[in-house]
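The block underneath contains the structure these notes are about, expressed in C-alpha cells.
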Amino acid sequence: MRDPGRFVDGHGPEGAREVLAALGPPPPLPHEVRARTGQRAIELRRHGVRSRPTPHLWFAAGVLASAAVCLLVVWAAGSTAEEPATALVPEVASGTTPRVTAGAPASSQPAPAPTAPAPPDHAEPAGPSSEPPAPTRAQERAVRSRPASQGPARPAAELLDPWSSPTAPVSPVEPEAPGAASPSSPARPAASMTLDPWVGATGRGHVAVSSVPAARVSIDGTELGWTPLVHALPAGTHRVTLEAEGHRSATVQVTVEAGGRSTVARRLEPVDAAHGTLRVTSVPWSRVLVDGRDLGPTPVIGVRLPAGRHQVTLRAADGREVTRSVVIEAGRASRLVVRFDD
Amino acid sequence: MAGRHSWGVRGIADVTRTVPEGAELDVTEVHAAHADFVWATLHRMGVREADVPDVLQDVFVVVHRRRAGWDGSEHLRAWLFAICGRLVRNYRRKAFRRHERLMGEVPEPRAAGAPDPERAAVAADARRTAERLLATLSPDRRAVFVMFEVEGLSCREIADQLGIPLGTVHSRLHKARAGFAKALGRWRATRGGW
C-alpha cells in the first residue's frame with residue numbers, strides 16, 4: 001500500500017502545515033541522562049526492584065486500624081456505662097447475695113431496652129428460699145410507665161430498680177438510682193454548647209440563614225455548612241458569620257428565643273467592587289472593540305471592565321463603524337445595543 | 001503476558017533484537033541498546049520535557065520487573081513501545097501533572113544563532129499550540145502521527161522502528177490524522193473570538 005500524503009506537503013486540513021512545522025524531531029538523549037539511567041539499570045539488575053507495600057496492604061492496615069479505634073471507643077463507652085452499676089452493687093448487696101448476681105448480668109449489658117420484661121436469666125439465680133419475691137407485673141409496669149421526660153436511653157443500672165424497690169428494705173437506693181445513673185449526664189449541659197440539637201430541649205430555638213451568593217456559615221466560631229441552612233441553637237445571642245469566595249464576609253448578631261425562629265438573610269458584597277460587566281449586541285452582527293481591544297463578533301456577553309468610561313467601537317462586515325462611549329458602574333451590568341439600519 | 005497480542009515481525013529484517021531467544025532479558029543491555037528509542041518515543045508521546053528522564057527511568061524499572069513476560073516472540077521495540085504507552089497514560093493521570101500548571105512558559109535562553117525575540121516568541125507560541133492539539137491524541141497514535149507527519153518517516157520505516165505490522169501503522173495514522181484534523185478545526189473555530 002502506498003503511503004498517504006503528508007499534511008506538511010499540502011495535504012490535510014488547512015493550517016496543519018503551519019502548526020506541525022513548529023514541531024521538530026525529538027532532541028537526542030543527553031549524555032548525563034543516559035549515564036544516570038544506565039547506572040540505575042545496573043543497580044536494578046544487581047539489587048532488583050525495592051518492594052514497597054502494595055495498595056491493598058495499605059488498605060488492610062487502614063481497616064485494621066479503624067477497627068481497633070472502634071473497639072477502643074466501644075470499650076470506653078462500655079466502661080463509663082458500667083460505672084454507675086458497679087457503684088450501685090455494694091448498696092444493693094447489703095440486702096441479699098443473690099441480688100448481686102442478678103445485678104451483674106444486667107450491668108454487663110450496656111444498653112438493653114428499659115421496657116423489656118425482666119429477662120428470664122435474672123430469675124435463674126433465685127434458688128435459696130431467702131430470696132425475695134421476683135418483681136411483680138405491677139412493678140414491671142411501673143418501670144414501663146416511667147415518664148418519657150427522663151429519656152429513652154437509660155444506663156443499665158436502672159434495671160436494678162424493680163429489684164431494689166419497695167419489697168427490699170434498701171429504700172435509699174431508689175432515690176439514688178437516677179443520681180447514680182447521672183455520671184454520664186453531667187456532660188449534657190456542656191454538650192449544649194456544641195449546638196447539639198438534642199440537648200436542652202426546653203431552651204432552644206432555630207435560626208434560618210440564607211445569603212446571596214451561597215456562603216459558608218459559622219455560628220459562634222463553629223462551621224456548620226452552607227446557606228441555606230436551618231439550625232437549632234440554645235436560646236441567647238449568637239454570632240453568625242457568612243463567608244463566600246470573592247466576597248466580603250459578614251458577621252451578624254442574632255438573638256434566638258426559646259421555641260422561636262430567627263432569620264438571617266444577607267447579600268454579600270463582592271470584594272472586587274471596582275468592576276462592572278458589559279454586554280454588546282448589534283443588528284447586523286459586527287466586530288466589537290473596547291478601548292481598541294478586539295473582543296470578537298457580537299454578541300459579546302459578560303465582559304468584565306473596570307468602572308469608568310470606555311470607548312466601544314462596532315465594526316460591521318460592510319465596513320460601517322459606530323463608536324459609543326459607555327459608562328461602566330461598579331458591580332453593575334451595562335448593555336449596549338446598536339442597529340446599523342440607517 | 002497471556003492474552004496480550006504477540007505478533008512476530010513478519011518480513012521485516014529484525015535488526016534491533018539484541019537478546020537471543022530463551023535467554024533472560026538483561027535490563028542493562030536493553031538500556032544500552034534502546035535508551036535512545038525510549039527517549040524519543042516518550043518525547044513523541046508528549047511527556048513534558050522536565051519529566052522525560054523520570055518516565056524513562058520508570059520504563060526500565062518495568063522492563064526489569066516484567067522481563068520474564070517478554071517471551072521473544074514479540075519485537076523488543078514493540079514491547080518497549082507498549083510499556084511506554086502504558087506509562088505515559090499513567091503519567092497523564094498523575095495528580096501533579098493536573099495540578100501543577102505552568103503560569104507561563106519559562107523563557108528559554110536565546111541561542112547564539114537564534115532569530116530576533118519576536119520570531120522566537122511566535123515560534124514558541126506555535127509550538128505550544130501544536131502540543132495542545134497533539135495532546136488530544138492517545139500516546140500510541142500520537143507517536144505514529146509525529147513520526148510520520150513531523151519527522152517524515154515512511155510507514156514502512158515506522159513499522160520497522162516500532163516492530164509493529166504495517167497495517168497497524170496505517171490504521172493508527174488514519175485515526176490520528178482524523179483526530180488531529182478535528183482538534184485543529186475546533187481550535188481554528190475558537191481562535192477568532194472569545
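Just remember, in the C-alpha cells the first chain shown is A, the second B, etc., residues are 1-based per chain, and ligands are 1-based in the order shown.
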Q: With a cut-off of 8 Å and counting only C-alpha atoms, select all residues of chain B in contact with chain A and give the selection as a PyMOL selection string.
A: chain B and resi 26-28+31-32+35-36+39-40+43-44+53+56-57+60-61+64-65+123-124+126-127+129-130+148-151+154-155+181+184+192-194
Residues just named, written with N, CA, C and O atoms as a CSV table (one decimal), in the first residue's frame:
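Once everything was written out, this is selection21.csv:
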```
chain,number,residue,atom,x,y,z
B,26,ASP,N,18.3,-8.8,30.0
B,26,ASP,CA,19.1,-8.0,30.9
B,26,ASP,C,18.8,-6.5,30.7
B,26,ASP,O,19.0,-6.0,29.7
B,27,VAL,N,18.4,-5.9,31.8
B,27,VAL,CA,18.0,-4.5,31.7
B,27,VAL,C,19.1,-3.6,31.3
B,27,VAL,O,18.8,-2.6,30.6
B,28,THR,N,20.3,-3.9,31.7
B,28,THR,CA,21.4,-3.0,31.3
B,28,THR,C,21.6,-3.1,29.8
B,28,THR,O,21.9,-2.1,29.1
B,31,HIS,N,18.9,-1.2,28.1
B,31,HIS,CA,19.1,0.2,28.2
B,31,HIS,C,20.2,0.7,27.2
B,31,HIS,O,20.0,1.7,26.5
B,32,ALA,N,21.3,-0.1,27.1
B,32,ALA,CA,22.3,0.3,26.2
B,32,ALA,C,21.9,0.4,24.8
B,32,ALA,O,22.2,1.3,24.0
B,35,ALA,N,17.9,2.9,24.9
B,35,ALA,CA,17.6,4.1,25.6
B,35,ALA,C,17.2,5.3,24.7
B,35,ALA,O,16.2,6.1,25.0
B,36,ASP,N,17.9,5.4,23.6
B,36,ASP,CA,17.6,6.5,22.7
B,36,ASP,C,16.2,6.4,22.1
B,36,ASP,O,15.4,7.3,22.0
B,39,TRP,N,13.7,7.3,24.8
B,39,TRP,CA,13.7,8.7,25.0
B,39,TRP,C,12.9,9.4,23.9
B,39,TRP,O,12.1,10.3,24.2
B,40,ALA,N,13.2,9.1,22.6
B,40,ALA,CA,12.5,9.7,21.5
B,40,ALA,C,11.0,9.4,21.6
B,40,ALA,O,10.2,10.3,21.3
B,43,HIS,N,9.2,11.5,24.1
B,43,HIS,CA,9.0,12.8,23.6
B,43,HIS,C,7.9,12.9,22.6
B,43,HIS,O,7.0,13.8,22.7
B,44,ARG,N,7.8,11.9,21.7
B,44,ARG,CA,6.8,11.9,20.7
B,44,ARG,C,5.4,11.7,21.4
B,44,ARG,O,4.4,12.1,20.9
B,53,PRO,N,13.2,12.3,31.8
B,53,PRO,CA,14.1,11.4,32.5
B,53,PRO,C,13.5,10.5,33.5
B,53,PRO,O,13.8,9.3,33.6
B,56,LEU,N,11.5,7.8,31.7
B,56,LEU,CA,12.5,6.9,31.1
B,56,LEU,C,13.0,5.9,32.1
B,56,LEU,O,13.1,4.7,31.9
B,57,GLN,N,13.3,6.4,33.3
B,57,GLN,CA,13.7,5.5,34.4
B,57,GLN,C,12.6,4.5,34.7
B,57,GLN,O,12.9,3.3,34.9
B,60,PHE,N,12.5,1.5,32.4
B,60,PHE,CA,13.5,0.4,32.6
B,60,PHE,C,13.2,-0.4,33.9
B,60,PHE,O,13.5,-1.6,34.0
B,61,VAL,N,12.6,0.3,34.9
B,61,VAL,CA,12.1,-0.4,36.1
B,61,VAL,C,11.1,-1.5,35.7
B,61,VAL,O,11.1,-2.7,36.1
B,64,HIS,N,12.7,-4.4,33.8
B,64,HIS,CA,13.3,-5.3,34.7
B,64,HIS,C,12.3,-6.2,35.5
B,64,HIS,O,12.5,-7.4,35.6
B,65,ARG,N,11.2,-5.6,35.9
B,65,ARG,CA,10.2,-6.3,36.7
B,65,ARG,C,9.5,-7.3,35.8
B,65,ARG,O,9.1,-8.4,36.3
B,123,ALA,N,7.4,31.5,17.4
B,123,ALA,CA,7.7,30.1,17.2
B,123,ALA,C,7.3,29.3,18.5
B,123,ALA,O,6.7,28.2,18.4
B,124,ALA,N,7.6,29.9,19.7
B,124,ALA,CA,7.3,29.2,20.9
B,124,ALA,C,5.8,29.0,21.0
B,124,ALA,O,5.2,28.0,21.5
B,126,ALA,N,3.6,28.9,18.6
B,126,ALA,CA,3.1,27.9,17.6
B,126,ALA,C,3.4,26.5,18.2
B,126,ALA,O,2.6,25.6,18.0
B,127,ARG,N,4.5,26.4,18.8
B,127,ARG,CA,4.9,25.1,19.4
B,127,ARG,C,3.9,24.6,20.5
B,127,ARG,O,3.5,23.5,20.5
B,129,THR,N,0.8,25.6,20.7
B,129,THR,CA,-0.4,25.3,20.1
B,129,THR,C,-0.4,23.8,19.5
B,129,THR,O,-1.3,23.1,19.7
B,130,ALA,N,0.7,23.5,18.9
B,130,ALA,CA,0.9,22.2,18.3
B,130,ALA,C,0.8,21.1,19.4
B,130,ALA,O,0.2,20.1,19.3
B,148,PHE,N,5.4,10.2,11.4
B,148,PHE,CA,5.0,10.3,10.0
B,148,PHE,C,5.0,11.8,9.6
B,148,PHE,O,5.7,12.2,8.6
B,149,GLU,N,4.2,12.6,10.3
B,149,GLU,CA,4.0,14.0,9.8
B,149,GLU,C,5.1,14.9,10.1
B,149,GLU,O,5.3,15.9,9.3
B,150,VAL,N,5.8,14.7,11.2
B,150,VAL,CA,6.8,15.7,11.6
B,150,VAL,C,8.2,15.2,11.3
B,150,VAL,O,8.9,16.0,10.7
B,151,GLU,N,8.4,14.0,11.6
B,151,GLU,CA,9.8,13.5,11.3
B,151,GLU,C,10.0,13.0,9.9
B,151,GLU,O,11.1,12.7,9.5
B,154,SER,N,8.6,7.1,6.6
B,154,SER,CA,7.5,6.4,5.8
B,154,SER,C,6.9,5.4,6.8
B,154,SER,O,7.4,5.1,7.8
B,155,CYS,N,5.7,4.9,6.3
B,155,CYS,CA,5.0,4.0,7.1
B,155,CYS,C,5.8,2.7,7.4
B,155,CYS,O,5.8,2.1,8.4
B,181,ALA,N,-7.2,16.5,12.8
B,181,ALA,CA,-7.9,17.5,11.9
B,181,ALA,C,-9.1,18.0,12.7
B,181,ALA,O,-9.4,19.2,12.6
B,184,LEU,N,-7.9,20.5,15.2
B,184,LEU,CA,-7.4,21.7,14.6
B,184,LEU,C,-8.6,22.5,14.2
B,184,LEU,O,-8.6,23.8,14.3
B,192,GLY,N,-10.7,32.8,16.6
B,192,GLY,CA,-11.1,34.1,16.2
B,192,GLY,C,-11.6,35.0,17.3
B,192,GLY,O,-11.1,36.1,17.5
B,193,GLY,N,-12.6,34.6,18.0
B,193,GLY,CA,-13.2,35.5,19.0
B,193,GLY,C,-13.2,34.8,20.4
B,193,GLY,O,-12.9,33.6,20.5
B,194,TRP,N,-13.5,35.6,21.4
B,194,TRP,CA,-13.6,34.9,22.7
B,194,TRP,C,-14.6,35.6,23.6
B,194,TRP,O,-15.2,36.5,23.4
```
Q: For Leu229 (chain A), work out the shell of residues within 10 Å, counting only C-alpha atoms and skipping chain neighbours fewer than 2 positions away, then give it as a PyMOL selection string.
A: chain A and resi 207-211+216-217+224-227+231+264
(Q) Based on the backbone DSSP call, show me all residues of region 23-58 of chain B assigned alpha helix (DSSP H), as a PyMOL selection string. (A) chain B and resi 27-44+52-58
Q: Tell me, as a count of residues only, which residues lie within 7 Å of region 329-338 of chain A, counting only C-alpha atoms; anything in the same chain fewer than 6 positions away does not count.
A: 13
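Taking CA of Leu242 (chain A) and CA of Ile328 (chain A) as endpoints, the distance between them is 28.5 Å.
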